[in-house]
>>> print(open('run-v8.cif').read())   # mmCIF, C-alpha atoms
data_target
#
loop_
_atom_site.group_PDB
_atom_site.id
_atom_site.type_symbol
_atom_site.label_atom_id
_atom_site.label_comp_id
_atom_site.auth_asym_id
_atom_site.auth_seq_id
_atom_site.Cartn_x
_atom_site.Cartn_y
_atom_site.Cartn_z
ATOM 1 C CA MET A 1 30.520 -24.033 -7.673
ATOM 2 C CA SER A 2 30.793 -23.292 -11.371
ATOM 3 C CA ARG A 3 28.796 -25.806 -13.377
ATOM 4 C CA ILE A 4 31.139 -25.428 -16.332
ATOM 5 C CA GLY A 5 34.295 -25.452 -14.213
ATOM 6 C CA LYS A 6 33.559 -28.695 -12.398
ATOM 7 C CA ARG A 7 32.992 -30.728 -15.587
ATOM 8 C CA PRO A 8 35.974 -33.014 -16.290
ATOM 9 C CA ILE A 9 37.868 -32.859 -19.588
ATOM 10 C CA THR A 10 38.367 -36.190 -21.344
ATOM 11 C CA ILE A 11 41.700 -36.474 -23.139
ATOM 12 C CA PRO A 12 41.545 -38.409 -26.459
ATOM 13 C CA ALA A 13 43.991 -41.245 -27.165
ATOM 14 C CA LYS A 14 46.295 -39.322 -29.567
ATOM 15 C CA VAL A 15 46.647 -36.225 -27.342
ATOM 16 C CA GLN A 16 49.431 -35.657 -24.786
ATOM 17 C CA VAL A 17 49.050 -33.120 -21.982
ATOM 18 C CA ALA A 18 51.998 -31.728 -20.002
ATOM 19 C CA ILE A 19 51.235 -29.705 -16.855
ATOM 20 C CA ASP A 20 53.900 -27.583 -15.156
ATOM 21 C CA GLY A 21 52.302 -25.511 -12.405
ATOM 22 C CA THR A 22 50.000 -23.086 -14.208
ATOM 23 C CA ASN A 23 51.494 -23.837 -17.644
ATOM 24 C CA ILE A 24 49.800 -26.418 -19.859
ATOM 25 C CA VAL A 25 51.060 -27.804 -23.169
ATOM 26 C CA VAL A 26 48.706 -29.893 -25.322
ATOM 27 C CA LYS A 27 50.096 -31.873 -28.285
ATOM 28 C CA GLY A 28 47.989 -33.721 -30.821
ATOM 29 C CA PRO A 29 47.782 -34.780 -34.471
ATOM 30 C CA LYS A 30 46.725 -31.271 -35.629
ATOM 31 C CA GLY A 31 49.390 -29.286 -33.758
ATOM 32 C CA GLU A 32 50.614 -28.046 -30.394
ATOM 33 C CA LEU A 33 49.120 -25.371 -28.112
ATOM 34 C CA SER A 34 50.362 -23.928 -24.839
ATOM 35 C CA ARG A 35 48.830 -21.522 -22.365
ATOM 36 C CA THR A 36 49.641 -20.085 -18.963
ATOM 37 C CA LEU A 37 46.622 -20.020 -16.669
ATOM 38 C CA ARG A 38 46.141 -17.617 -13.780
ATOM 39 C CA ASP A 39 47.261 -18.565 -10.266
ATOM 40 C CA ASN A 40 43.625 -18.702 -9.084
ATOM 41 C CA VAL A 41 43.108 -22.128 -10.696
ATOM 42 C CA SER A 42 45.050 -25.382 -10.626
ATOM 43 C CA LEU A 43 45.122 -28.365 -12.984
ATOM 44 C CA SER A 44 45.156 -32.031 -12.028
ATOM 45 C CA GLN A 45 45.324 -35.066 -14.297
ATOM 46 C CA GLU A 46 44.076 -38.526 -13.382
ATOM 47 C CA GLY A 47 44.760 -40.902 -16.272
ATOM 48 C CA GLU A 48 42.704 -39.717 -19.252
ATOM 49 C CA ILE A 49 40.713 -37.160 -17.211
ATOM 50 C CA LEU A 50 41.752 -33.551 -16.598
ATOM 51 C CA HIS A 51 40.245 -31.429 -13.793
ATOM 52 C CA VAL A 52 40.393 -27.655 -13.302
ATOM 53 C CA ASN A 53 40.080 -26.633 -9.634
ATOM 54 C CA ARG A 54 39.863 -23.314 -7.786
ATOM 55 C CA ARG A 55 42.533 -22.529 -5.238
ATOM 56 C CA ASP A 56 40.198 -20.446 -3.024
ATOM 57 C CA GLU A 57 36.639 -19.077 -2.921
ATOM 58 C CA THR A 58 37.345 -15.473 -3.900
ATOM 59 C CA ARG A 59 35.206 -13.795 -6.518
ATOM 60 C CA THR A 60 38.069 -13.695 -9.044
ATOM 61 C CA SER A 61 38.721 -17.425 -8.627
ATOM 62 C CA LYS A 62 35.062 -18.197 -9.191
ATOM 63 C CA GLN A 63 35.055 -16.076 -12.353
ATOM 64 C CA LEU A 64 38.189 -17.714 -13.748
ATOM 65 C CA HIS A 65 37.157 -21.299 -12.912
ATOM 66 C CA GLY A 66 34.745 -21.849 -15.802
ATOM 67 C CA LEU A 67 36.801 -19.719 -18.211
ATOM 68 C CA SER A 68 39.982 -21.710 -17.563
ATOM 69 C CA ARG A 69 38.175 -25.031 -17.997
ATOM 70 C CA THR A 70 36.706 -23.881 -21.325
ATOM 71 C CA LEU A 71 40.091 -22.642 -22.583
ATOM 72 C CA VAL A 72 41.765 -25.966 -21.755
ATOM 73 C CA ALA A 73 38.889 -27.970 -23.275
ATOM 74 C CA ASN A 74 39.164 -25.905 -26.491
ATOM 75 C CA MET A 75 42.899 -26.617 -26.612
ATOM 76 C CA VAL A 76 42.291 -30.373 -26.303
ATOM 77 C CA GLU A 77 39.525 -30.325 -28.936
ATOM 78 C CA GLY A 78 41.569 -28.137 -31.283
ATOM 79 C CA VAL A 79 44.662 -30.347 -31.424
ATOM 80 C CA SER A 80 42.559 -33.497 -31.851
ATOM 81 C CA GLN A 81 39.731 -32.404 -34.206
ATOM 82 C CA GLY A 82 40.313 -28.756 -35.136
ATOM 83 C CA PHE A 83 37.836 -25.915 -35.610
ATOM 84 C CA GLN A 84 36.280 -24.257 -38.622
ATOM 85 C CA ARG A 85 34.132 -21.249 -39.411
ATOM 86 C CA ARG A 86 32.063 -20.988 -42.590
ATOM 87 C CA LEU A 87 31.406 -17.686 -44.330
ATOM 88 C CA GLU A 88 28.918 -16.955 -47.116
ATOM 89 C CA ILE A 89 29.325 -14.212 -49.708
ATOM 90 C CA GLN A 90 26.143 -12.662 -51.110
ATOM 91 C CA GLY A 91 25.941 -10.039 -53.825
ATOM 92 C CA VAL A 92 26.238 -9.761 -57.597
ATOM 93 C CA GLY A 93 29.883 -9.970 -58.677
ATOM 94 C CA TYR A 94 31.168 -10.737 -55.184
ATOM 95 C CA ARG A 95 33.419 -13.805 -55.125
ATOM 96 C CA ALA A 96 36.363 -15.464 -53.426
ATOM 97 C CA GLN A 97 39.249 -17.520 -54.770
ATOM 98 C CA LEU A 98 42.526 -18.984 -53.560
ATOM 99 C CA GLN A 99 45.940 -17.937 -54.857
ATOM 100 C CA GLY A 100 48.390 -20.313 -53.229
ATOM 101 C CA ARG A 101 47.549 -20.092 -49.528
ATOM 102 C CA ASN A 102 46.127 -16.556 -49.757
ATOM 103 C CA LEU A 103 42.443 -15.723 -50.035
ATOM 104 C CA VAL A 104 41.558 -13.172 -52.724
ATOM 105 C CA LEU A 105 38.191 -11.413 -52.432
ATOM 106 C CA ASN A 106 36.427 -9.408 -55.151
ATOM 107 C CA MET A 107 33.950 -7.374 -53.127
ATOM 108 C CA GLY A 108 33.021 -4.458 -55.384
ATOM 109 C CA TYR A 109 36.009 -2.308 -54.498
ATOM 110 C CA SER A 110 38.376 -0.868 -57.112
ATOM 111 C CA HIS A 111 40.936 -3.455 -55.997
ATOM 112 C CA GLN A 112 41.038 -7.073 -54.885
ATOM 113 C CA VAL A 113 41.415 -7.735 -51.173
ATOM 114 C CA GLN A 114 44.139 -10.276 -50.360
ATOM 115 C CA ILE A 115 44.164 -11.979 -46.969
ATOM 116 C CA GLU A 116 47.186 -13.986 -45.872
ATOM 117 C CA PRO A 117 46.438 -16.762 -43.355
ATOM 118 C CA PRO A 118 48.245 -16.723 -39.994
ATOM 119 C CA ASP A 119 50.266 -19.782 -38.945
ATOM 120 C CA GLY A 120 48.061 -22.821 -38.388
ATOM 121 C CA ILE A 121 45.143 -21.474 -40.464
ATOM 122 C CA GLN A 122 43.969 -22.832 -43.816
ATOM 123 C CA PHE A 123 41.441 -21.354 -46.228
ATOM 124 C CA ALA A 124 39.146 -23.360 -48.487
ATOM 125 C CA VAL A 125 36.690 -22.025 -51.067
ATOM 126 C CA GLU A 126 33.594 -23.959 -52.164
ATOM 127 C CA GLY A 127 32.239 -22.614 -55.427
ATOM 128 C CA THR A 128 32.965 -18.900 -55.409
ATOM 129 C CA THR A 129 30.735 -17.801 -52.542
ATOM 130 C CA ASN A 130 31.557 -20.083 -49.580
ATOM 131 C CA VAL A 131 34.770 -19.667 -47.578
ATOM 132 C CA ILE A 132 35.918 -22.081 -44.871
ATOM 133 C CA VAL A 133 38.485 -20.977 -42.289
ATOM 134 C CA SER A 134 39.969 -23.940 -40.404
ATOM 135 C CA GLY A 135 42.719 -24.477 -37.863
ATOM 136 C CA TYR A 136 43.514 -25.917 -34.448
ATOM 137 C CA ASP A 137 43.392 -22.709 -32.348
ATOM 138 C CA LYS A 138 39.768 -21.612 -31.849
ATOM 139 C CA GLU A 139 40.730 -18.045 -31.000
ATOM 140 C CA ILE A 140 42.784 -17.500 -34.176
ATOM 141 C CA VAL A 141 40.142 -19.198 -36.355
ATOM 142 C CA GLY A 142 37.452 -16.869 -34.979
ATOM 143 C CA ASN A 143 39.613 -13.747 -35.332
ATOM 144 C CA THR A 144 40.563 -14.589 -38.913
ATOM 145 C CA ALA A 145 36.915 -15.222 -39.842
ATOM 146 C CA ALA A 146 35.971 -11.884 -38.257
ATOM 147 C CA LYS A 147 38.666 -10.084 -40.290
ATOM 148 C CA ILE A 148 37.328 -11.629 -43.503
ATOM 149 C CA ARG A 149 33.761 -10.619 -42.571
ATOM 150 C CA ALA A 150 34.955 -7.069 -41.832
ATOM 151 C CA VAL A 151 36.056 -6.626 -45.470
ATOM 152 C CA ARG A 152 32.371 -6.125 -46.399
ATOM 153 C CA PRO A 153 29.890 -6.781 -43.535
ATOM 154 C CA PRO A 154 26.308 -7.521 -44.611
ATOM 155 C CA GLU A 155 24.317 -4.345 -45.161
ATOM 156 C CA PRO A 156 20.719 -4.123 -43.890
ATOM 157 C CA TYR A 157 18.945 -3.006 -47.082
ATOM 158 C CA LYS A 158 19.819 -5.662 -49.646
ATOM 159 C CA GLY A 159 21.740 -8.096 -47.437
ATOM 160 C CA LYS A 160 24.871 -7.955 -49.620
ATOM 161 C CA GLY A 161 28.226 -8.712 -48.064
ATOM 162 C CA ILE A 162 30.059 -11.432 -46.153
ATOM 163 C CA ARG A 163 28.216 -13.208 -43.352
ATOM 164 C CA TYR A 164 28.752 -16.224 -41.146
ATOM 165 C CA ALA A 165 26.916 -19.352 -42.287
ATOM 166 C CA GLY A 166 23.497 -19.300 -40.653
ATOM 167 C CA GLU A 167 23.756 -15.646 -39.604
ATOM 168 C CA VAL A 168 20.461 -13.809 -39.863
ATOM 169 C CA VAL A 169 20.726 -10.235 -41.139
ATOM 170 C CA ARG A 170 17.841 -8.001 -40.070
ATOM 171 C CA ARG A 171 16.567 -6.173 -43.108
ATOM 172 C CA LYS A 172 15.343 -2.584 -43.160
ATOM 173 C CA ALA A 173 12.658 -1.162 -45.397
ATOM 174 C CA GLY A 174 14.041 1.188 -48.015
ATOM 175 C CA LYS A 175 12.540 4.448 -49.187
ATOM 176 C CA THR A 176 8.927 4.166 -50.306
ATOM 177 C CA GLY A 177 9.335 6.390 -53.353
ATOM 178 C CA LYS A 178 5.886 7.986 -52.962
ATOM 179 C CA GLY A 179 5.302 11.643 -53.586
ATOM 180 C CA GLY A 180 7.806 13.639 -55.524
ATOM 181 C CA LYS A 181 7.701 17.070 -57.129
ATOM 182 C CA LYS A 182 4.390 18.459 -58.334
#
>>> encode(input="run-v8.cif", output="structure tokens")
Amino acid sequence: MSRIGKRPITIPAKVQVAIDGTNIVVKGPKGELSRTLRDNVSLSQEGEILHVNRRDETRTSKQLHGLSRTLVANMVEGVSQGFQRRLEIQGVGYRAQLQGRNLVLNMGYSHQVQIEPPDGIQFAVEGTTNVIVSGYDKEIVGNTAAKIRAVRPPEPYKGKGIRYAGEVVRRKAGKTGKGGKK
């Protein structure tokens, strides 16, 4: 049996869960999320504990067991605590700032790059080189952070660009500069 799938999900005090067959709706202080799970898994709630069970022992059911449990657990955690991704900007003249809700990036292009947050996502800028993407849906937070990083991914020679906090960029050796014309 899936070790991830058989772990129970504890529902916090301020979170309500509504189960209707394979549909689940989770409401909390941060927002509301809903998802339709596949027919291979079923949900059962016992008080403040939520269980995800397989309907049969087919290979597909075994594959979806742990995935479905993780998706539901992320929904519960998102509406109660929320998620955030931190990004660091490195490079001379590279900076970020907020204009209203939008994030404006100066990344060495001839123009500024403006990124509008999707619903449920907030941007925060610490200093001019740290960007925080936060929200209650883990999937949208991760996708938005990836779109920001894609504006200027870190390059391997000088390490300039946008990277996730704690991301290690493998550096390459540049040209040696020996030799030349005689």
>>> residues_around(input="run-v8.cif", residues="Leu33 in chain A", least_positions_apart="4", cutoff="8 Å", atoms="all atoms listed in the file", output="list in words")
Val25, Val26, Lys27, Met75, Val79 and Asp137 of chain A
>>> residues_around(input="run-v8.cif", residues="range 83-96 of chain A", least_positions_apart="4", cutoff="6 Å", atoms="all atoms listed in the file", output="PyMOL selection string")
chain A and resi 104-107+128-136+160-165
>>> closest_residue(input="run-v8.cif", among="A:Gly100, A:Gly31, A:Pro117, A:Pro8", to="Leu43 in chain A", atoms="all atoms listed in the file")
A:Pro8
>>> resolve_selection(input="run-v8.cif", expression="the PyMOL selection byres ((chain A and resi 69) around 12)", output="PyMOL selection string")
chain A and resi 2-10+24+37-38+41-44+50-54+62-68+70-76
>>> atom_distance(input="run-v8.cif", atom1="CA of Glu77 in chain A", atom2="CA of Gly166 in chain A")
22.7 Å
>>> atom_distance(input="run-v8.cif", atom1="CA of Asp56 in chain A", atom2="CA of Thr36 in chain A")
18.5 Å
>>> decode(input="run-v8.cif", residues="range 61-75 of chain A", atoms="all heavy atoms", output="short mmCIF file (atom, residue, chain, number, x, y, z; two decimals), in the first residue's frame")
data_model
loop_
_atom_site.label_atom_id
_atom_site.label_comp_id
_atom_site.auth_asym_id
_atom_site.auth_seq_id
_atom_site.Cartn_x
_atom_site.Cartn_y
_atom_site.Cartn_z
N SER A 61 -4.96 2.68 -9.87
CA SER A 61 -5.43 3.08 -8.54
C SER A 61 -4.26 3.25 -7.58
O SER A 61 -4.24 4.19 -6.77
CB SER A 61 -6.39 2.03 -7.98
OG SER A 61 -7.55 1.98 -8.76
N LYS A 62 -3.29 2.37 -7.67
CA LYS A 62 -2.12 2.48 -6.81
C LYS A 62 -1.33 3.75 -7.12
O LYS A 62 -0.82 4.41 -6.21
CB LYS A 62 -1.22 1.26 -6.97
CG LYS A 62 -1.81 -0.01 -6.41
CD LYS A 62 -0.89 -1.18 -6.65
CE LYS A 62 -1.49 -2.48 -6.13
NZ LYS A 62 -0.61 -3.63 -6.37
N GLN A 63 -1.24 4.10 -8.40
CA GLN A 63 -0.52 5.31 -8.79
C GLN A 63 -1.24 6.57 -8.31
O GLN A 63 -0.61 7.54 -7.89
CB GLN A 63 -0.36 5.36 -10.31
CG GLN A 63 0.58 4.31 -10.85
CD GLN A 63 0.54 4.23 -12.38
OE1 GLN A 63 -0.38 4.75 -13.01
NE2 GLN A 63 1.52 3.57 -12.95
N LEU A 64 -2.56 6.57 -8.38
CA LEU A 64 -3.33 7.76 -8.03
C LEU A 64 -3.57 7.90 -6.52
O LEU A 64 -3.97 8.98 -6.08
CB LEU A 64 -4.68 7.73 -8.75
CG LEU A 64 -4.62 7.90 -10.26
CD1 LEU A 64 -5.98 7.66 -10.87
CD2 LEU A 64 -4.11 9.29 -10.60
N HIS A 65 -3.31 6.86 -5.74
CA HIS A 65 -3.59 6.89 -4.31
C HIS A 65 -2.76 7.97 -3.61
O HIS A 65 -3.30 8.86 -2.95
CB HIS A 65 -3.33 5.51 -3.71
CG HIS A 65 -3.77 5.37 -2.31
ND1 HIS A 65 -3.23 4.46 -1.46
CD2 HIS A 65 -4.69 6.05 -1.58
CE1 HIS A 65 -3.80 4.56 -0.27
NE2 HIS A 65 -4.70 5.52 -0.33
N GLY A 66 -1.46 7.91 -3.74
CA GLY A 66 -0.59 8.88 -3.08
C GLY A 66 -0.75 10.28 -3.67
O GLY A 66 -0.72 11.27 -2.94
N LEU A 67 -0.92 10.37 -4.99
CA LEU A 67 -1.11 11.66 -5.64
C LEU A 67 -2.36 12.36 -5.11
O LEU A 67 -2.33 13.53 -4.75
CB LEU A 67 -1.22 11.49 -7.15
CG LEU A 67 -1.65 12.73 -7.94
CD1 LEU A 67 -0.55 13.77 -7.91
CD2 LEU A 67 -2.03 12.37 -9.35
N SER A 68 -3.47 11.63 -5.03
CA SER A 68 -4.72 12.22 -4.58
C SER A 68 -4.63 12.68 -3.14
O SER A 68 -5.11 13.76 -2.78
CB SER A 68 -5.87 11.22 -4.73
OG SER A 68 -6.00 10.81 -6.07
N ARG A 69 -3.96 11.91 -2.30
CA ARG A 69 -3.80 12.29 -0.90
C ARG A 69 -2.98 13.56 -0.79
O ARG A 69 -3.29 14.46 -0.02
CB ARG A 69 -3.12 11.16 -0.13
CG ARG A 69 -3.07 11.38 1.37
CD ARG A 69 -1.69 11.83 1.80
NE ARG A 69 -1.68 12.16 3.22
CZ ARG A 69 -0.99 13.16 3.71
NH1 ARG A 69 -0.27 13.93 2.94
NH2 ARG A 69 -1.01 13.41 4.99
N THR A 70 -1.91 13.68 -1.58
CA THR A 70 -1.07 14.87 -1.55
C THR A 70 -1.83 16.09 -2.05
O THR A 70 -1.70 17.18 -1.48
CB THR A 70 0.19 14.65 -2.39
OG1 THR A 70 0.89 13.50 -1.87
CG2 THR A 70 1.12 15.83 -2.34
N LEU A 71 -2.62 15.94 -3.10
CA LEU A 71 -3.41 17.06 -3.62
C LEU A 71 -4.40 17.57 -2.58
O LEU A 71 -4.54 18.79 -2.39
CB LEU A 71 -4.14 16.65 -4.90
CG LEU A 71 -3.27 16.38 -6.13
CD1 LEU A 71 -4.12 15.83 -7.27
CD2 LEU A 71 -2.53 17.62 -6.56
N VAL A 72 -5.08 16.66 -1.91
CA VAL A 72 -6.06 17.06 -0.88
C VAL A 72 -5.34 17.70 0.31
O VAL A 72 -5.80 18.72 0.85
CB VAL A 72 -6.92 15.85 -0.46
CG1 VAL A 72 -7.81 16.21 0.71
CG2 VAL A 72 -7.76 15.35 -1.62
N ALA A 73 -4.21 17.14 0.72
CA ALA A 73 -3.46 17.71 1.84
C ALA A 73 -2.97 19.11 1.51
O ALA A 73 -2.98 20.01 2.37
CB ALA A 73 -2.29 16.81 2.21
N ASN A 74 -2.54 19.35 0.26
CA ASN A 74 -2.11 20.68 -0.16
C ASN A 74 -3.28 21.66 -0.17
O ASN A 74 -3.11 22.85 0.13
CB ASN A 74 -1.46 20.63 -1.53
CG ASN A 74 -0.07 20.05 -1.49
OD1 ASN A 74 0.56 19.99 -0.45
ND2 ASN A 74 0.40 19.61 -2.63
N MET A 75 -4.47 21.19 -0.51
CA MET A 75 -5.65 22.06 -0.47
C MET A 75 -5.94 22.49 0.96
O MET A 75 -6.18 23.67 1.22
CB MET A 75 -6.87 21.32 -1.06
CG MET A 75 -6.80 21.08 -2.55
SD MET A 75 -8.08 19.97 -3.14
CE MET A 75 -9.55 20.92 -2.83
#
